[in-house]
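Okay, target12.txt is below, compact mmCIF, C-alpha atoms:
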```
# COMPACT_ATOMS: atom_id res chain seq x y z
CA MET A 1 4.72 -10.14 34.80
CA LYS A 2 4.45 -9.54 31.03
CA LEU A 3 8.22 -9.08 30.80
CA ASP A 4 8.83 -12.45 32.47
CA GLN A 5 6.39 -14.17 30.12
CA LEU A 6 7.93 -12.48 27.08
CA ILE A 7 11.44 -13.55 28.09
CA THR A 8 10.16 -17.11 28.63
CA GLU A 9 8.75 -17.18 25.08
CA ILE A 10 12.06 -15.95 23.65
CA LYS A 11 14.21 -18.37 25.66
CA ALA A 12 11.92 -21.26 24.74
CA LEU A 13 13.33 -21.02 21.21
CA GLU A 14 16.98 -21.39 22.25
CA ASP A 15 17.02 -25.04 21.19
CA VAL A 16 15.76 -24.35 17.67
CA SER A 17 19.03 -24.88 15.81
CA THR A 18 17.85 -23.22 12.61
CA PHE A 19 17.18 -19.91 14.37
CA SER A 20 19.78 -17.17 14.64
CA LYS A 21 19.55 -14.99 17.75
CA HIS A 22 17.85 -12.31 15.67
CA GLU A 23 15.25 -14.81 14.38
CA GLN A 24 14.77 -16.21 17.89
CA LEU A 25 13.94 -12.77 19.22
CA VAL A 26 11.55 -11.95 16.34
CA GLN A 27 9.69 -15.23 16.64
CA GLY A 28 9.59 -15.02 20.43
CA ILE A 29 7.84 -11.65 20.26
CA ILE A 30 5.43 -12.98 17.62
CA ASN A 31 4.65 -15.98 19.82
CA ALA A 32 3.99 -13.65 22.75
CA LEU A 33 1.54 -11.71 20.58
CA ASP A 34 -0.20 -14.86 19.40
CA GLN A 35 -0.68 -15.95 23.02
CA LYS A 36 -1.95 -12.49 24.04
CA ILE A 37 0.97 -11.97 26.39
CA LEU A 38 1.50 -8.74 24.46
CA VAL A 39 -1.41 -6.70 23.09
CA ARG A 40 -1.72 -3.58 20.98
CA GLY A 41 -0.28 -0.53 22.73
CA ASP A 42 2.09 -2.47 24.99
CA ALA A 43 5.64 -1.15 25.24
CA LEU A 44 8.53 -3.48 24.45
CA PRO A 45 11.49 -3.57 26.82
CA SER A 46 14.23 -1.11 25.90
CA VAL A 47 17.29 -2.44 24.09
CA ASN A 48 19.36 -2.04 27.26
CA ARG A 49 16.79 -3.93 29.32
CA MET A 50 16.72 -6.76 26.76
CA ILE A 51 20.53 -6.95 26.82
CA LYS A 52 20.34 -7.47 30.58
CA GLU A 53 17.51 -10.03 30.39
CA ILE A 54 18.62 -12.27 27.50
CA GLY A 55 22.27 -11.36 26.95
CA PHE A 56 21.98 -10.64 23.20
CA ALA A 57 24.02 -7.88 21.60
CA GLY A 58 22.28 -4.53 21.36
CA GLU A 59 22.70 -4.57 17.58
CA THR A 60 20.86 -7.92 17.37
CA ILE A 61 17.96 -6.64 19.49
CA ALA A 62 17.69 -3.39 17.54
CA LYS A 63 17.71 -5.34 14.25
CA ALA A 64 14.84 -7.56 15.45
CA TYR A 65 12.78 -4.57 16.59
CA LYS A 66 13.34 -2.81 13.26
CA GLU A 67 12.25 -5.89 11.31
CA LEU A 68 9.03 -6.03 13.30
CA VAL A 69 8.52 -2.31 12.59
CA SER A 70 8.98 -2.99 8.87
CA ARG A 71 6.28 -5.66 9.07
CA GLY A 72 3.96 -3.22 10.79
CA ILE A 73 3.82 -5.30 13.98
CA LEU A 74 5.72 -2.75 16.09
CA GLU A 75 5.97 1.01 15.79
CA SER A 76 8.78 3.29 16.92
CA LYS A 77 7.93 6.43 18.87
CA ASN A 78 10.64 9.05 19.15
CA ARG A 79 12.43 8.82 22.52
CA LYS A 80 9.71 6.58 23.90
CA GLY A 81 10.76 3.23 22.46
CA TYR A 82 8.93 0.47 20.61
CA PHE A 83 5.25 -0.36 20.98
CA VAL A 84 2.90 -3.06 19.67
CA ALA A 85 1.09 -1.60 16.63
CA THR A 86 -1.06 -4.63 15.79
CA GLU A 87 -1.80 -8.10 17.07
CA ASP A 88 -2.05 -9.39 13.49
CA THR A 89 1.21 -11.31 13.26
CA GLU A 90 0.47 -12.31 9.67
CA GLN A 91 1.04 -8.69 8.71
CA HIS A 92 4.30 -8.94 6.75
CA LEU A 93 4.86 -5.34 5.77
CA ARG A 94 3.45 -1.91 6.54
CA VAL A 95 3.71 0.58 3.67
CA CYS A 96 3.18 4.35 3.66
CA LEU A 97 2.01 6.04 0.45
CA LEU A 98 2.10 9.87 0.40
CA LEU A 99 0.53 11.53 -2.66
CA TYR A 100 -0.57 14.99 -3.79
CA ALA A 101 -4.33 14.40 -3.88
CA PHE A 102 -6.83 11.77 -4.96
CA ASP A 103 -7.42 12.91 -8.53
CA THR A 104 -8.61 10.37 -11.10
CA PHE A 105 -5.11 9.65 -12.44
CA GLN A 106 -3.77 9.35 -8.88
CA GLU A 107 -6.56 6.85 -8.22
CA THR A 108 -5.38 4.85 -11.23
CA PHE A 109 -1.86 4.80 -9.74
CA TYR A 110 -3.22 3.82 -6.31
CA GLN A 111 -5.42 0.97 -7.55
CA SER A 112 -2.60 -0.49 -9.65
CA PHE A 113 -0.17 -0.15 -6.72
CA ARG A 114 -2.62 -1.69 -4.23
CA ASN A 115 -3.52 -4.63 -6.50
CA LYS A 116 0.11 -5.46 -7.28
CA LEU A 117 1.10 -5.45 -3.58
CA GLY A 118 -1.31 -8.31 -2.87
CA GLU A 119 -2.48 -9.53 0.52
CA ASN A 120 -0.80 -9.33 3.93
CA ILE A 121 0.54 -5.84 3.29
CA GLN A 122 -0.96 -2.91 5.15
CA LEU A 123 -1.09 0.21 3.01
CA ASP A 124 -1.74 3.59 4.65
CA LEU A 125 -2.52 6.50 2.32
CA PHE A 126 -1.80 10.18 3.02
CA PHE A 127 -2.17 13.41 1.00
CA HIS A 128 -0.27 16.71 1.26
CA HIS A 129 -2.19 18.73 -1.41
CA ASN A 130 1.04 20.54 -2.34
CA ASN A 131 0.92 22.30 1.04
CA PHE A 132 4.43 22.33 2.50
CA ALA A 133 3.28 22.61 6.13
CA VAL A 134 1.04 19.55 5.65
CA PHE A 135 3.88 17.74 3.86
CA GLU A 136 6.33 18.48 6.68
CA ASN A 137 3.90 17.44 9.43
CA THR A 138 3.04 14.23 7.61
CA ILE A 139 6.72 13.34 7.15
CA ASN A 140 7.39 13.92 10.84
CA ASN A 141 4.40 11.78 11.82
CA ILE A 142 5.16 8.79 9.58
CA LYS A 143 8.91 8.38 9.98
CA GLY A 144 9.92 5.30 11.92
CA LYS A 145 6.44 3.75 11.70
CA TYR A 146 6.63 1.91 8.36
CA GLY A 147 8.72 -0.68 6.61
CA MET A 148 8.55 1.09 3.24
CA TYR A 149 7.80 4.66 2.14
CA VAL A 150 6.52 5.68 -1.31
CA ILE A 151 6.43 9.48 -1.53
CA ALA A 152 5.35 11.98 -4.18
CA PRO A 153 7.28 15.01 -2.88
CA ILE A 154 6.78 18.74 -3.25
CA ASP A 155 9.46 19.93 -5.63
CA LEU A 156 11.12 22.45 -3.32
CA PRO A 157 14.66 22.58 -1.83
CA GLU A 158 13.10 22.46 1.65
CA SER A 159 11.71 19.01 0.89
CA ILE A 160 15.14 17.45 0.45
CA PRO A 161 16.28 17.28 4.12
CA LEU A 162 12.82 16.02 5.14
CA VAL A 163 12.80 13.13 2.68
CA ALA A 164 16.51 12.41 3.22
CA GLN A 165 15.68 11.25 6.76
CA PHE A 166 14.36 7.94 5.42
CA PRO A 167 16.73 5.01 4.77
CA MET A 168 17.40 4.83 1.03
CA ASN A 169 16.56 1.11 0.87
CA LYS A 170 13.08 1.84 2.27
CA LEU A 171 12.27 4.92 0.18
CA LEU A 172 10.83 5.32 -3.31
CA ILE A 173 10.23 8.76 -4.84
CA VAL A 174 7.37 8.87 -7.35
CA ASP A 175 5.96 11.46 -9.76
CA ARG A 176 8.32 14.42 -9.10
CA GLN A 177 12.09 14.17 -8.82
CA LEU A 178 14.10 15.48 -5.88
CA ASN A 179 17.85 16.09 -5.92
CA LEU A 180 18.73 13.45 -3.32
CA THR A 181 21.74 11.11 -3.34
CA GLU A 182 22.71 9.15 -6.43
CA GLU A 183 21.67 5.93 -4.69
CA HIS A 184 18.03 6.76 -3.98
CA SER A 185 15.29 5.04 -5.99
CA TYR A 186 12.70 6.87 -8.04
CA ILE A 187 10.01 6.45 -10.69
CA VAL A 188 9.26 9.97 -11.86
CA GLN A 189 7.84 11.96 -14.76
CA GLU A 190 9.80 13.95 -17.32
CA PHE A 191 7.88 17.07 -18.30
CA LYS A 192 10.00 19.47 -20.34
CA GLU A 193 10.89 17.49 -23.47
CA SER A 194 7.76 15.32 -23.32
CA SER A 195 5.50 18.39 -23.25
CA TYR A 196 7.39 20.13 -26.03
CA ASN A 197 7.28 17.02 -28.22
CA ALA A 198 3.51 16.69 -27.67
CA PHE A 199 2.98 20.31 -28.75
CA VAL A 200 5.18 19.74 -31.82
CA GLU A 201 3.16 16.67 -32.83
CA LEU A 202 0.02 18.80 -32.62
CA ALA A 203 1.55 21.89 -34.27
CA GLU A 204 -0.24 21.67 -37.61
CA ARG A 205 -3.58 21.12 -35.89
CA ILE A 206 -3.02 23.92 -33.35
CA LYS A 207 -2.13 26.38 -36.14
CA GLU A 208 -5.58 25.82 -37.67
CA PHE A 209 -6.97 27.88 -34.77
CA GLU A 210 -6.43 31.55 -34.00
CA GLU A 211 -5.02 31.22 -30.47
CA PHE A 212 -3.46 28.62 -28.16
CA VAL A 213 -4.55 29.33 -24.56
CA PHE A 214 -2.75 27.66 -21.63
CA PHE A 215 -4.18 27.96 -18.11
CA PHE A 216 -1.26 27.82 -15.67
CA LYS A 217 -1.18 28.85 -12.04
CA GLN A 218 2.22 29.96 -10.72
CA LYS A 219 3.48 28.52 -7.40
CA SER A 220 1.13 25.55 -7.57
CA ALA A 221 1.55 21.80 -8.04
CA GLU A 222 1.68 22.35 -11.80
CA PRO A 223 5.18 21.67 -13.22
CA ASN A 224 7.04 24.77 -14.37
CA ASP A 225 8.65 22.62 -17.07
CA VAL A 226 5.31 22.44 -18.90
CA MET A 227 5.06 26.23 -18.93
CA ASP A 228 8.65 26.51 -20.21
CA SER A 229 7.86 24.03 -22.98
CA PHE A 230 4.72 25.94 -23.95
CA GLN A 231 6.64 29.21 -24.23
CA ARG A 232 9.40 27.54 -26.24
CA PHE A 233 6.87 25.96 -28.60
CA ILE A 234 4.86 29.09 -29.41
CA LYS A 235 8.13 30.90 -30.14
CA ASP A 236 9.67 28.13 -32.27
CA TYR A 237 6.50 27.53 -34.28
CA ASP A 238 5.25 31.12 -34.45
CA VAL A 239 1.98 30.26 -32.70
CA ASN A 240 -0.28 32.93 -31.22
CA GLY A 241 -0.20 31.66 -27.65
CA VAL A 242 -1.14 33.11 -24.28
CA ILE A 243 -0.84 31.96 -20.65
CA LYS A 244 -3.69 32.77 -18.27
CA SER A 245 -3.77 32.03 -14.54
CA LYS A 246 -7.21 30.40 -14.64
CA TYR A 247 -10.27 29.75 -16.75
CA GLU A 248 -13.05 32.30 -16.29
CA LEU A 249 -16.51 30.71 -16.35
CA GLY A 250 -18.44 31.56 -19.50
CA SER A 251 -15.40 32.87 -21.38
CA ILE A 252 -15.24 30.00 -23.88
CA ALA A 253 -14.93 31.20 -27.48
CA PRO A 254 -14.65 29.52 -30.87
CA ASN A 255 -11.48 29.15 -32.94
CA LYS A 256 -9.18 28.72 -29.93
CA VAL A 257 -7.28 25.77 -28.47
CA TYR A 258 -7.62 25.47 -24.70
CA PHE A 259 -4.99 23.58 -22.69
CA THR A 260 -5.35 22.87 -18.97
CA ILE A 261 -3.65 20.62 -16.44
CA HIS A 262 -6.49 20.73 -13.89
CA ASN A 263 -9.45 18.38 -14.34
CA LEU A 264 -11.89 20.73 -12.61
CA GLU A 265 -10.94 23.43 -15.10
CA LEU A 266 -11.40 20.94 -17.95
CA TRP A 267 -14.91 20.09 -16.77
CA GLU A 268 -15.77 23.82 -16.69
CA ILE A 269 -14.48 24.30 -20.24
CA LEU A 270 -16.46 21.31 -21.51
CA LYS A 271 -19.63 22.42 -19.71
CA ASP A 272 -19.39 25.92 -21.19
CA SER A 273 -18.71 24.55 -24.68
CA LYS A 274 -21.87 22.44 -24.39
CA ILE A 275 -23.93 25.41 -23.16
CA LYS A 276 -22.74 27.57 -26.07
CA GLY A 277 -23.11 24.78 -28.64
CA LEU A 278 -19.39 24.67 -29.48
CA LYS A 279 -18.12 21.26 -30.57
CA PRO A 280 -14.61 20.27 -29.38
CA GLY A 281 -12.44 19.29 -32.33
CA LYS A 282 -14.49 21.39 -34.76
CA ASP A 283 -15.35 24.80 -33.32
CA LEU A 284 -12.50 24.80 -30.79
CA GLY A 285 -9.66 22.56 -29.63
CA ILE A 286 -9.13 21.09 -26.19
CA LEU A 287 -5.93 19.56 -24.80
CA SER A 288 -5.56 18.08 -21.31
CA HIS A 289 -2.68 16.75 -19.23
CA ASN A 290 -2.79 13.37 -17.40
CA ASP A 291 -4.99 10.77 -19.01
CA ASP A 292 -7.74 8.66 -17.44
CA ASN A 293 -10.65 6.50 -18.59
CA ILE A 294 -13.15 9.37 -18.45
CA LYS A 295 -11.19 11.44 -20.97
CA GLU A 296 -11.29 8.56 -23.42
CA ILE A 297 -15.10 8.54 -23.29
CA ILE A 298 -16.52 12.04 -22.78
CA PHE A 299 -17.21 14.38 -25.73
CA ASP A 300 -16.02 11.66 -28.16
CA GLY A 301 -12.59 11.70 -26.51
CA ILE A 302 -10.26 14.36 -25.09
CA THR A 303 -6.72 14.62 -26.48
CA THR A 304 -4.14 14.28 -23.70
CA PHE A 305 -0.46 13.78 -23.09
CA SER A 306 0.32 11.60 -20.12
CA ILE A 307 2.38 8.86 -18.57
CA ASP A 308 0.85 5.44 -17.89
CA PHE A 309 -0.13 5.80 -14.22
CA ALA A 310 -1.15 2.14 -13.96
CA GLN A 311 2.34 1.15 -15.09
CA MET A 312 3.90 3.52 -12.56
CA GLY A 313 1.79 1.92 -9.82
CA GLU A 314 2.91 -1.59 -10.79
CA MET A 315 6.56 -0.57 -10.92
CA ALA A 316 6.31 1.10 -7.51
CA ALA A 317 4.75 -2.04 -6.02
CA GLU A 318 7.55 -4.18 -7.46
CA PHE A 319 10.09 -1.98 -5.70
CA VAL A 320 8.24 -2.45 -2.39
CA LEU A 321 7.94 -6.22 -2.85
CA PHE A 322 11.45 -7.01 -4.09
CA ARG A 323 13.54 -4.08 -2.76
CA LYS A 324 15.45 -3.86 -6.05
CA PRO A 325 16.79 -0.31 -6.55
CA ILE A 326 15.29 1.54 -9.50
CA GLN A 327 15.93 4.87 -11.21
CA HIS A 328 13.34 5.29 -13.94
CA ILE A 329 12.06 8.37 -15.75
CA MET A 330 8.66 8.01 -17.41
CA LYS A 331 8.02 10.18 -20.45
CA ASN A 332 4.63 11.67 -21.23
CA THR A 333 3.23 10.52 -24.57
CA LEU A 334 0.56 12.11 -26.75
CA ILE A 335 -2.84 10.39 -26.97
CA ARG A 336 -4.74 11.90 -29.88
CA ARG A 337 -8.52 11.94 -29.73
CA ASN A 338 -11.34 13.98 -31.28
CA SER A 339 -11.03 17.14 -29.17
CA LEU A 340 -7.89 18.26 -31.05
```

Render the structure in this file as structure tokens.
Amino acid sequence: MKLDQLITEIKALEDVSTFSKHEQLVQGIINALDQKILVRGDALPSVNRMIKEIGFAGETIAKAYKELVSRGILESKNRKGYFVATEDTEQHLRVCLLLYAFDTFQETFYQSFRNKLGENIQLDLFFHHNNFAVFENTINNIKGKYGMYVIAPIDLPESIPLVAQFPMNKLLIVDRQLNLTEEHSYIVQEFKESSYNAFVELAERIKEFEEFVFFFKQKSAEPNDVMDSFQRFIKDYDVNGVIKSKYELGSIAPNKVYFTIHNLELWEILKDSKIKGLKPGKDLGILSHNDDNIKEIIFDGITTFSIDFAQMGEMAAEFVLFRKPIQHIMKNTLIRRNSL
């Protein structure tokens, strides 16, 4: 019964001269949704069944289904066909955003991205926490269900075939680069030279202290390029530097510069400096990676080097809205404040 009613809605648009067959099929399905002929969860006829019922080419039918998937109205389930995902026919696009975690700077990116997208776009947010199994499962669960994909990948060779499954015109890589095809779009960070240049700008100040301590955890989400830059810097500028895997609570000491990428580690360092009466920028130095509003305010300001995550969010949203290919590398810049 539903199939007959759906076909009637599609054929009712045959006399609309401005409609192509593809547009006739899209609008016919939308009209069926608006009239509650189709509801959420209903299966659409297979492409072969639609060929038999309305006589359109299979390519035309598949194109119409894929457009409705990109709007978030339909979803594709592997080997099961197409299903109604929502009855909101005003939903123009369904976007998937896959990030590392919801840290403060990631929140800045998200809010900028969300605001720039505007209304009538459904945005679903996922996190992989730099866990490859989670990343792989998420990729397998989201593919074919969205019109656009914005992904912050795990920088591993195994990630490449997973991400390469998505059509290049629907995929944007953000934050970390992957060695995909030359045509794929990305807005990513550059770490090696940016980090080194930040250290060089701070060299005179760093050399006022006895030791430069960098907390870096191997095989984590932290970029190896930053570690390489640190090692290059302390060698080039004859700085007494050391890399430690983590900050030990209570180990804060005067006359050292502490550099961490993790915010939780930064908060521990600041708390211990307060407990021991050590003033950042005077008794010790503190440097952090990835800027946010809190670091501008606390302890009279924390020196950071960072990209502009709000700008990255806006640029990513523009790619989603206008589908214009982009290949942009954002450089970290030093933001000097009182802590160093």

Give me the box for stretch 108-124 of chain A as JSON, namely the centre and edge lengths in Å to one decimal of a box along x, y and z that holds every listed atom plus 5 Å on each side.
```
{"center_x": -2.2, "center_y": -2.3, "center_z": -3.0, "size_x": 16.5, "size_y": 24.4, "size_z": 26.4}
```

Set the distance at 9 Å and use all atoms listed in the file: which residues neighbour stretch 142-146 of chain A once local chain neighbours fewer than 6 positions away are removed? I'd like the list as a count of residues only.
17

Which residue out of A:Asn31, A:Asn169, A:Ser251, A:Thr333 has the minimum interatomic distance to A:Ser194 when all atoms listed in the file are used?
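Result for the nearest residue to A:Ser194: A:Thr333.
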
Extract, using all atoms listed in the file, all DNA, RNA and protein residues at most 10 Å from A:Ile302, discarding same-chain residues fewer than 5 positions from it, and format them as a count of residues only.
21

Among listed residues A:Tyr186, A:Phe214, A:Phe19, A:Phe105, nearest A:His328 (using only C-alpha atoms)
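Among the listed residues, the smallest separation from A:His328 belongs to A:Tyr186.
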
Please determine, counting only C-alpha atoms, which residue among A:Asn240, A:Thr138, A:Asn130, A:Thr303 has the shortest atom-to-atom distance to A:Ser220.
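Smallest distance to A:Ser220 is found for A:Asn130.
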
All residues 12 Å or closer to stretch 108-124 of chain A, all atoms listed in the file, same chain fewer than 5 positions away omitted, as a PyMOL selection string
chain A and resi 70-73+85-86+88-103+142+145-152+174-175+290-294+307-322

How would the residues just picked look written out with C-alpha atoms as an mmCIF file, in the frame of the given file?
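Generated output (result30.cif):
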```cif
data_model
loop_
_atom_site.group_PDB
_atom_site.id
_atom_site.type_symbol
_atom_site.label_atom_id
_atom_site.label_comp_id
_atom_site.auth_asym_id
_atom_site.auth_seq_id
_atom_site.Cartn_x
_atom_site.Cartn_y
_atom_site.Cartn_z
ATOM 1 C CA SER A 70 8.980 -2.990 8.870
ATOM 2 C CA ARG A 71 6.280 -5.660 9.070
ATOM 3 C CA GLY A 72 3.960 -3.220 10.790
ATOM 4 C CA ILE A 73 3.820 -5.300 13.980
ATOM 5 C CA ALA A 85 1.090 -1.600 16.630
ATOM 6 C CA THR A 86 -1.060 -4.630 15.790
ATOM 7 C CA ASP A 88 -2.050 -9.390 13.490
ATOM 8 C CA THR A 89 1.210 -11.310 13.260
ATOM 9 C CA GLU A 90 0.470 -12.310 9.670
ATOM 10 C CA GLN A 91 1.040 -8.690 8.710
ATOM 11 C CA HIS A 92 4.300 -8.940 6.750
ATOM 12 C CA LEU A 93 4.860 -5.340 5.770
ATOM 13 C CA ARG A 94 3.450 -1.910 6.540
ATOM 14 C CA VAL A 95 3.710 0.580 3.670
ATOM 15 C CA CYS A 96 3.180 4.350 3.660
ATOM 16 C CA LEU A 97 2.010 6.040 0.450
ATOM 17 C CA LEU A 98 2.100 9.870 0.400
ATOM 18 C CA LEU A 99 0.530 11.530 -2.660
ATOM 19 C CA TYR A 100 -0.570 14.990 -3.790
ATOM 20 C CA ALA A 101 -4.330 14.400 -3.880
ATOM 21 C CA PHE A 102 -6.830 11.770 -4.960
ATOM 22 C CA ASP A 103 -7.420 12.910 -8.530
ATOM 23 C CA ILE A 142 5.160 8.790 9.580
ATOM 24 C CA LYS A 145 6.440 3.750 11.700
ATOM 25 C CA TYR A 146 6.630 1.910 8.360
ATOM 26 C CA GLY A 147 8.720 -0.680 6.610
ATOM 27 C CA MET A 148 8.550 1.090 3.240
ATOM 28 C CA TYR A 149 7.800 4.660 2.140
ATOM 29 C CA VAL A 150 6.520 5.680 -1.310
ATOM 30 C CA ILE A 151 6.430 9.480 -1.530
ATOM 31 C CA ALA A 152 5.350 11.980 -4.180
ATOM 32 C CA VAL A 174 7.370 8.870 -7.350
ATOM 33 C CA ASP A 175 5.960 11.460 -9.760
ATOM 34 C CA ASN A 290 -2.790 13.370 -17.400
ATOM 35 C CA ASP A 291 -4.990 10.770 -19.010
ATOM 36 C CA ASP A 292 -7.740 8.660 -17.440
ATOM 37 C CA ASN A 293 -10.650 6.500 -18.590
ATOM 38 C CA ILE A 294 -13.150 9.370 -18.450
ATOM 39 C CA ILE A 307 2.380 8.860 -18.570
ATOM 40 C CA ASP A 308 0.850 5.440 -17.890
ATOM 41 C CA PHE A 309 -0.130 5.800 -14.220
ATOM 42 C CA ALA A 310 -1.150 2.140 -13.960
ATOM 43 C CA GLN A 311 2.340 1.150 -15.090
ATOM 44 C CA MET A 312 3.900 3.520 -12.560
ATOM 45 C CA GLY A 313 1.790 1.920 -9.820
ATOM 46 C CA GLU A 314 2.910 -1.590 -10.790
ATOM 47 C CA MET A 315 6.560 -0.570 -10.920
ATOM 48 C CA ALA A 316 6.310 1.100 -7.510
ATOM 49 C CA ALA A 317 4.750 -2.040 -6.020
ATOM 50 C CA GLU A 318 7.550 -4.180 -7.460
ATOM 51 C CA PHE A 319 10.090 -1.980 -5.700
ATOM 52 C CA VAL A 320 8.240 -2.450 -2.390
ATOM 53 C CA LEU A 321 7.940 -6.220 -2.850
ATOM 54 C CA PHE A 322 11.450 -7.010 -4.090
#
```

Any idea what the distance is between atom CA of A:Leu25 and atom CA of A:Ala57?
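These two atoms are separated by 11.5 Å.
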
Selected residue of minimal separation from A:Val200 among A:Lys11, A:Lys246, A:Lys235, A:Lys274, counting all atoms listed in the file
A:Lys235

Which residue out of A:Phe191, A:Phe127, A:Phe83, A:Tyr65 has the minimum interatomic distance to A:Ile329 when only C-alpha atoms are used?
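Of A:Phe191, A:Phe127, A:Phe83, A:Tyr65, the one nearest A:Ile329 is A:Phe191, counting only C-alpha atoms.
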
Contacts of A:Arg49 at 12 Å (only C-alpha atoms; same-chain gap of 4+ positions) as a ChimeraX atom specification:
/A:3,7,44-45,53-58,61-62,81

How many Å lie between atom CA of A:Phe259 and atom CA of A:His129, rounded to one decimal?
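Computing the Euclidean distance for atom CA of A:Phe259 and atom CA of A:His129 yields 22.0 Å.
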
Point-to-point distance in Å for atom CA of A:Phe126 and atom CA of A:Ile261
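Going from atom CA of A:Ile261 over to atom CA of A:Phe126, I get 22.2 Å.
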
Residue among A:Leu249, A:Leu264, A:Ala133, A:Ile326 lying closest to A:Glu183, counting all atoms listed in the file:
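Ranking A:Leu249, A:Leu264, A:Ala133, A:Ile326 by distance to A:Glu183, first place goes to A:Ile326.
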
Mind listing whatever residues come within 10 Å of the point (-1.7, 32.6, -11.9)? Use all atoms listed in the file, file coordinates, and give them as a list of chain:residue names.
A:Phe215, A:Phe216, A:Lys217, A:Gln218, A:Lys219, A:Ser220, A:Ile243, A:Lys244, A:Ser245, A:Lys246

Fewer than 5 positions away in the same chain doesn't count, so skip those; otherwise give me all residues within 7 Å of A:Ser185, counting all atoms listed in the file, as an NGL selection string.
:A and (171-173 or 325-327)
